>>> print(open('data_17.cif').read())   # mmCIF, C-alpha atoms
data_query
#
loop_
_atom_site.group_PDB
_atom_site.id
_atom_site.type_symbol
_atom_site.label_atom_id
_atom_site.label_comp_id
_atom_site.auth_asym_id
_atom_site.auth_seq_id
_atom_site.Cartn_x
_atom_site.Cartn_y
_atom_site.Cartn_z
ATOM 1 C CA MET T 1 99.688 184.674 94.288
ATOM 2 C CA HIS T 2 97.261 187.077 92.630
ATOM 3 C CA ASN T 3 98.510 186.134 89.139
ATOM 4 C CA THR T 4 98.145 182.448 89.979
ATOM 5 C CA LEU T 5 94.518 182.952 91.012
ATOM 6 C CA LYS T 6 93.816 184.984 87.868
ATOM 7 C CA HIS T 7 95.410 182.271 85.740
ATOM 8 C CA HIS T 8 93.380 179.561 87.525
ATOM 9 C CA ASP T 9 90.150 181.546 87.087
ATOM 10 C CA ALA T 10 90.893 182.076 83.394
ATOM 11 C CA LEU T 11 91.539 178.334 82.909
ATOM 12 C CA LYS T 12 88.375 177.494 84.800
ATOM 13 C CA GLN T 13 86.334 179.902 82.672
ATOM 14 C CA ARG T 14 87.806 178.537 79.423
ATOM 15 C CA PHE T 15 87.172 174.973 80.597
ATOM 16 C CA GLU T 16 83.539 175.796 81.367
ATOM 17 C CA GLN T 17 83.159 177.344 77.905
ATOM 18 C CA LEU T 18 84.590 174.234 76.277
ATOM 19 C CA PHE T 19 82.380 172.010 78.398
ATOM 20 C CA ASP T 20 79.184 173.964 77.752
ATOM 21 C CA GLY T 21 79.914 174.412 74.052
ATOM 22 C CA ASN T 22 80.875 170.803 73.312
ATOM 23 C CA PHE T 23 79.297 168.424 75.815
ATOM 24 C CA ASN T 24 76.060 167.727 73.911
ATOM 25 C CA ARG T 25 77.814 167.308 70.547
ATOM 26 C CA LEU T 26 80.378 164.989 72.117
ATOM 27 C CA MET T 27 77.573 162.978 73.729
ATOM 28 C CA PHE T 28 75.977 162.549 70.317
ATOM 29 C CA HIS T 29 79.358 161.521 68.917
ATOM 30 C CA ALA T 30 79.912 158.968 71.717
ATOM 31 C CA LEU T 31 76.435 157.515 71.121
ATOM 32 C CA ARG T 32 77.550 156.556 67.628
ATOM 33 C CA PHE T 33 79.855 154.035 69.278
ATOM 34 C CA VAL T 34 78.001 152.942 72.407
ATOM 35 C CA ASP T 35 74.263 152.359 72.645
ATOM 36 C CA ASP T 36 73.875 153.434 76.242
ATOM 37 C CA GLU T 37 73.350 157.105 77.098
ATOM 38 C CA ALA T 38 74.827 156.764 80.590
ATOM 39 C CA GLU T 39 77.911 155.105 79.139
ATOM 40 C CA ALA T 40 78.267 157.852 76.534
ATOM 41 C CA GLU T 41 77.966 160.438 79.285
ATOM 42 C CA ASP T 42 80.693 158.681 81.291
ATOM 43 C CA ILE T 43 82.968 158.663 78.246
ATOM 44 C CA VAL T 44 82.518 162.379 77.618
ATOM 45 C CA ALA T 45 82.864 163.208 81.314
ATOM 46 C CA ASP T 46 86.110 161.209 81.483
ATOM 47 C CA VAL T 47 87.456 163.136 78.496
ATOM 48 C CA PHE T 48 86.674 166.430 80.210
ATOM 49 C CA VAL T 49 88.297 165.230 83.444
ATOM 50 C CA GLU T 50 91.453 164.442 81.463
ATOM 51 C CA LEU T 51 91.228 167.815 79.734
ATOM 52 C CA TRP T 52 91.014 169.570 83.100
ATOM 53 C CA LYS T 53 94.136 167.743 84.276
ATOM 54 C CA LYS T 54 95.997 168.945 81.156
ATOM 55 C CA MET T 55 94.634 172.495 81.003
ATOM 56 C CA ASP T 56 98.019 174.031 81.800
ATOM 57 C CA SER T 57 99.921 171.975 79.255
ATOM 58 C CA ILE T 58 97.819 172.080 76.083
ATOM 59 C CA ASP T 59 97.016 174.847 73.633
ATOM 60 C CA LEU T 60 93.335 175.528 74.159
ATOM 61 C CA GLU T 61 92.920 177.359 70.880
ATOM 62 C CA MET T 62 94.706 175.173 68.332
ATOM 63 C CA GLY T 63 92.507 172.249 67.373
ATOM 64 C CA ILE T 64 90.859 171.795 70.758
ATOM 65 C CA THR T 65 87.581 170.633 69.191
ATOM 66 C CA ALA T 66 89.383 168.022 67.095
ATOM 67 C CA TYR T 67 91.296 166.978 70.216
ATOM 68 C CA LEU T 68 88.025 166.463 72.132
ATOM 69 C CA TYR T 69 86.415 164.449 69.328
ATOM 70 C CA ARG T 70 89.533 162.301 68.964
ATOM 71 C CA ALA T 71 89.646 161.720 72.722
ATOM 72 C CA VAL T 72 85.957 160.704 72.816
ATOM 73 C CA THR T 73 86.448 158.382 69.844
ATOM 74 C CA ASN T 74 89.485 156.723 71.422
ATOM 75 C CA ARG T 75 87.803 156.308 74.795
ATOM 76 C CA ALA T 76 84.614 154.915 73.200
ATOM 77 C CA LEU T 77 86.645 152.410 71.163
ATOM 78 C CA ASN T 78 88.486 151.358 74.325
ATOM 79 C CA VAL T 79 85.152 150.809 76.074
ATOM 80 C CA LEU T 80 83.963 148.672 73.146
ATOM 81 C CA ARG T 81 87.182 146.665 73.113
ATOM 82 C CA HIS T 82 86.938 146.090 76.832
ATOM 83 C CA LYS T 83 83.281 145.006 76.533
ATOM 84 C CA ASN T 84 84.056 142.655 73.640
ATOM 85 C CA VAL T 85 87.031 141.138 75.409
ATOM 86 C CA ALA T 86 85.050 140.786 78.635
ATOM 87 C CA ALA T 87 82.125 139.195 76.781
ATOM 88 C CA VAL T 88 84.476 136.859 74.931
ATOM 89 C CA ARG T 89 86.187 135.850 78.176
ATOM 90 C CA ILE T 90 82.863 135.198 79.891
ATOM 91 C CA GLY T 91 81.693 133.172 76.893
ATOM 92 C CA LEU T 92 84.971 131.279 76.843
ATOM 93 C CA LEU T 93 84.724 130.413 80.534
ATOM 94 C CA GLU T 94 81.103 129.288 80.105
ATOM 95 C CA THR T 95 82.037 127.135 77.100
ATOM 96 C CA ILE T 96 84.978 125.562 78.912
ATOM 97 C CA ASN T 97 82.825 124.816 81.936
ATOM 98 C CA GLU T 98 80.048 123.286 79.793
ATOM 99 C CA GLN T 99 82.561 121.097 77.948
ATOM 100 C CA ARG T 100 84.096 119.909 81.209
ATOM 101 C CA MET T 101 80.711 119.063 82.656
ATOM 102 C CA GLU T 102 79.667 117.202 79.480
ATOM 103 C CA PHE T 103 82.933 115.279 79.472
ATOM 104 C CA ILE T 104 82.595 114.277 83.125
ATOM 105 C CA ALA T 105 78.884 113.415 82.865
ATOM 106 C CA ALA T 106 79.143 111.526 79.565
ATOM 107 C CA ASP T 107 81.726 109.008 80.631
ATOM 108 C CA ASP T 108 81.745 106.977 83.830
ATOM 109 C CA ASP T 109 84.706 104.878 82.672
ATOM 110 C CA THR T 110 87.503 105.949 85.025
ATOM 111 C CA GLU T 111 90.290 104.811 82.696
ATOM 112 C CA GLN T 112 88.850 106.821 79.806
ATOM 113 C CA ASN T 113 88.473 109.864 82.067
ATOM 114 C CA VAL T 114 92.110 109.609 83.069
ATOM 115 C CA VAL T 115 93.235 109.309 79.419
ATOM 116 C CA GLY T 116 90.977 112.193 78.380
ATOM 117 C CA ALA T 117 92.180 114.337 81.266
ATOM 118 C CA ASP T 118 95.794 113.544 80.332
ATOM 119 C CA ILE T 119 95.173 114.542 76.697
ATOM 120 C CA GLY T 120 93.370 117.660 77.844
ATOM 121 C CA GLU T 121 96.323 118.529 80.069
ATOM 122 C CA HIS T 122 98.758 118.153 77.132
ATOM 123 C CA ILE T 123 96.597 120.421 75.018
ATOM 124 C CA ARG T 124 96.200 123.039 77.767
ATOM 125 C CA HIS T 125 99.945 122.958 78.305
ATOM 126 C CA ALA T 126 100.615 123.427 74.574
ATOM 127 C CA LEU T 127 98.099 126.295 74.420
ATOM 128 C CA GLY T 128 99.749 127.849 77.455
ATOM 129 C CA GLU T 129 103.104 127.846 75.653
ATOM 130 C CA LEU T 130 101.774 129.899 72.746
ATOM 131 C CA PRO T 131 102.671 133.595 72.713
ATOM 132 C CA GLU T 132 99.951 135.560 74.537
ATOM 133 C CA LYS T 133 98.362 137.355 71.552
ATOM 134 C CA CYS T 134 98.635 134.228 69.431
ATOM 135 C CA ARG T 135 96.870 132.156 72.115
ATOM 136 C CA GLU T 136 94.170 134.809 72.598
ATOM 137 C CA VAL T 137 93.392 134.979 68.871
ATOM 138 C CA PHE T 138 93.413 131.192 68.538
ATOM 139 C CA CYS T 139 90.991 130.757 71.455
ATOM 140 C CA LEU T 140 88.675 133.457 70.145
ATOM 141 C CA SER T 141 88.638 131.751 66.761
ATOM 142 C CA TYR T 142 88.557 128.058 67.593
ATOM 143 C CA ILE T 143 86.955 127.987 71.023
ATOM 144 C CA ASN T 144 84.577 130.931 70.796
ATOM 145 C CA GLY T 145 83.922 130.571 67.073
ATOM 146 C CA LEU T 146 84.424 134.248 66.263
ATOM 147 C CA LYS T 147 85.104 135.281 62.690
ATOM 148 C CA ASN T 148 88.447 136.896 61.864
ATOM 149 C CA GLN T 149 86.821 140.312 61.361
ATOM 150 C CA GLU T 150 85.099 140.088 64.756
ATOM 151 C CA ILE T 151 88.392 139.208 66.427
ATOM 152 C CA ALA T 152 90.178 142.033 64.596
ATOM 153 C CA ASP T 153 87.512 144.529 65.734
ATOM 154 C CA ALA T 154 87.584 143.289 69.335
ATOM 155 C CA MET T 155 91.378 143.425 69.573
ATOM 156 C CA GLY T 156 91.915 146.536 67.484
ATOM 157 C CA VAL T 157 94.143 144.813 64.934
ATOM 158 C CA SER T 158 93.873 144.039 61.218
ATOM 159 C CA VAL T 159 92.302 140.875 59.819
ATOM 160 C CA ARG T 160 95.713 139.980 58.361
ATOM 161 C CA THR T 161 97.204 140.114 61.866
ATOM 162 C CA VAL T 162 94.464 137.791 63.132
ATOM 163 C CA GLU T 163 95.127 135.382 60.244
ATOM 164 C CA ALA T 164 98.844 135.445 60.991
ATOM 165 C CA HIS T 165 98.235 134.649 64.677
ATOM 166 C CA VAL T 166 95.885 131.756 63.836
ATOM 167 C CA TYR T 167 98.357 130.341 61.311
ATOM 168 C CA LYS T 168 101.206 130.604 63.816
ATOM 169 C CA ALA T 169 99.123 128.989 66.590
ATOM 170 C CA LEU T 170 98.125 126.076 64.367
ATOM 171 C CA ARG T 171 101.710 125.547 63.227
ATOM 172 C CA LEU T 172 103.053 125.595 66.798
ATOM 173 C CA LEU T 173 100.290 123.322 68.103
ATOM 174 C CA ARG T 174 100.866 120.831 65.294
ATOM 175 C CA GLU T 175 104.556 120.710 66.217
ATOM 176 C CA LYS T 176 103.895 120.258 69.936
ATOM 177 C CA LEU T 177 100.957 117.865 69.589
ATOM 178 C CA LYS T 178 101.858 115.803 66.529
ATOM 179 C CA TYR T 179 100.437 112.673 68.063
ATOM 180 C CA LEU T 180 97.133 114.385 68.962
ATOM 181 C CA VAL T 181 96.380 116.383 65.805
ATOM 182 C CA ALA T 182 93.567 114.069 64.727
ATOM 183 C CA ILE T 183 91.681 114.428 68.011
ATOM 184 C CA LEU T 184 92.709 117.980 68.958
ATOM 185 C CA PRO T 185 89.320 119.614 68.187
ATOM 186 C CA LEU T 186 87.556 117.245 70.594
ATOM 187 C CA PHE T 187 89.583 118.395 73.581
ATOM 188 C CA LEU T 188 90.278 122.080 72.937
ATOM 189 C CA CYS T 189 87.649 123.311 75.373
ATOM 190 C CA MET T 190 88.516 121.115 78.350
#
>>> encode(input="data_17.cif", output="structure tokens")
Amino acid sequence: MHNTLKHHDALKQRFEQLFDGNFNRLMFHALRFVDDEAEAEDIVADVFVELWKKMDSIDLEMGITAYLYRAVTNRALNVLRHKNVAAVRIGLLETINEQRMEFIAADDDTEQNVVGADIGEHIRHALGELPEKCREVFCLSYINGLKNQEIADAMGVSVRTVEAHVYKALRLLREKLKYLVAILPLFLCM
């Protein structure tokens, strides 16, 4: 029992040293990725919480500073990815809603609305059949109008991977919607 308390006290003391000696530098490092000081503080605090959970299982002397910087970098990049994906999804939903409202408001002809809705349903169905990543990249590119580099940054993949997904999506959509290829861009956002 006494040895356990001594061990716990030693870990706590070492943790406090690491925290005091690195917190401000790690905050500065996190601010290189995120523009918000509170967000940077949350990132660094989360890294230290994870460190505390692992105190018994990691070597606190070998490369601990590099470990902390890597952890802050990874967490900051995850925050950015999440923000970009969330922003893209919100933008996508707003765009889809605007397109629907324009389509409904622009045409009072019931027959045309039914035909348009049917075409839109075919397109949505075809998009739904695409592999998940392929569909996500395609929507970011063609619906949200993001550039390949922006998509690659948001998803944490290479530009070549984005290009491959777009190519695959277009090929699969052409196969599934041969009869609609000429009017496909008009209905993508419905």
>>> residues_around(input="data_17.cif", residues="Met27 of chain T", least_positions_apart="6", cutoff="12 Å", atoms="all atoms listed in the file", output="NGL selection string")
:T and (19-21 or 33-48 or 68-69 or 72-73 or 76)
>>> resolve_selection(input="data_17.cif", expression="the PyMOL selection byres ((chain T and resi 126) around 10)", output="PyMOL selection string")
chain T and resi 120-125+127-130+135+169+172-177
>>> residues_around(input="data_17.cif", residues="segment 153-158 of chain T", least_positions_apart="2", cutoff="8 Å", atoms="only C-alpha atoms", output="MDAnalysis selection string")
chainID T and resid 80:81 84:85 149:151 160:162
>>> write_last_selection(input="data_17.cif", atoms="C-alpha atoms", output="short mmCIF file (atom, residue, chain, number, x, y, z; two decimals), keeping the file's coordinate frame")
data_model
loop_
_atom_site.label_atom_id
_atom_site.label_comp_id
_atom_site.auth_asym_id
_atom_site.auth_seq_id
_atom_site.Cartn_x
_atom_site.Cartn_y
_atom_site.Cartn_z
CA LEU T 80 83.96 148.67 73.15
CA ARG T 81 87.18 146.66 73.11
CA ASN T 84 84.06 142.66 73.64
CA VAL T 85 87.03 141.14 75.41
CA GLN T 149 86.82 140.31 61.36
CA GLU T 150 85.10 140.09 64.76
CA ILE T 151 88.39 139.21 66.43
CA ARG T 160 95.71 139.98 58.36
CA THR T 161 97.20 140.11 61.87
CA VAL T 162 94.46 137.79 63.13
#
>>> closest_residue(input="data_17.cif", among="T:His82, T:Arg14, T:His165, T:Lys133", to="Asn148 of chain T", atoms="all atoms listed in the file")
T:His165
>>> residues_around(input="data_17.cif", residues="Met55 of chain T", least_positions_apart="2", cutoff="10 Å", atoms="only C-alpha atoms", output="MDAnalysis selection string")
chainID T and resid 8 11:12 14:15 49:53 57:60
>>> decode(input="data_17.cif", residues="segment 46-60 of chain T", atoms="N, CA and C atoms", output="compact mmCIF listing (two decimals), in the first residue's frame")
# COMPACT_ATOMS: atom_id res chain seq x y z
N ASP T 46 -6.90 18.22 -23.35
CA ASP T 46 -7.27 16.84 -23.71
C ASP T 46 -6.04 15.94 -23.84
N VAL T 47 -4.97 16.49 -24.40
CA VAL T 47 -3.74 15.71 -24.54
C VAL T 47 -3.19 15.35 -23.15
N PHE T 48 -3.23 16.30 -22.24
CA PHE T 48 -2.74 16.02 -20.89
C PHE T 48 -3.65 15.04 -20.14
N VAL T 49 -4.95 15.10 -20.39
CA VAL T 49 -5.86 14.12 -19.79
C VAL T 49 -5.50 12.72 -20.28
N GLU T 50 -5.27 12.59 -21.58
CA GLU T 50 -4.87 11.30 -22.14
C GLU T 50 -3.52 10.85 -21.59
N LEU T 51 -2.61 11.79 -21.43
CA LEU T 51 -1.30 11.46 -20.85
C LEU T 51 -1.48 10.92 -19.44
N TRP T 52 -2.33 11.58 -18.65
CA TRP T 52 -2.54 11.13 -17.27
C TRP T 52 -3.09 9.70 -17.25
N LYS T 53 -3.99 9.39 -18.16
CA LYS T 53 -4.55 8.04 -18.23
C LYS T 53 -3.49 7.00 -18.56
N LYS T 54 -2.44 7.41 -19.28
CA LYS T 54 -1.40 6.48 -19.74
C LYS T 54 -0.12 6.55 -18.92
N MET T 55 -0.13 7.31 -17.85
CA MET T 55 1.10 7.56 -17.09
C MET T 55 1.81 6.27 -16.68
N ASP T 56 1.07 5.25 -16.34
CA ASP T 56 1.69 3.99 -15.91
C ASP T 56 2.28 3.20 -17.07
N SER T 57 1.80 3.45 -18.28
CA SER T 57 2.18 2.57 -19.39
C SER T 57 3.18 3.18 -20.37
N ILE T 58 3.54 4.45 -20.22
CA ILE T 58 4.49 5.02 -21.17
C ILE T 58 5.78 5.44 -20.46
N ASP T 59 6.84 5.47 -21.23
CA ASP T 59 8.14 5.89 -20.72
C ASP T 59 8.16 7.41 -20.71
N LEU T 60 8.21 7.97 -19.51
CA LEU T 60 8.12 9.41 -19.36
C LEU T 60 9.41 10.14 -19.65
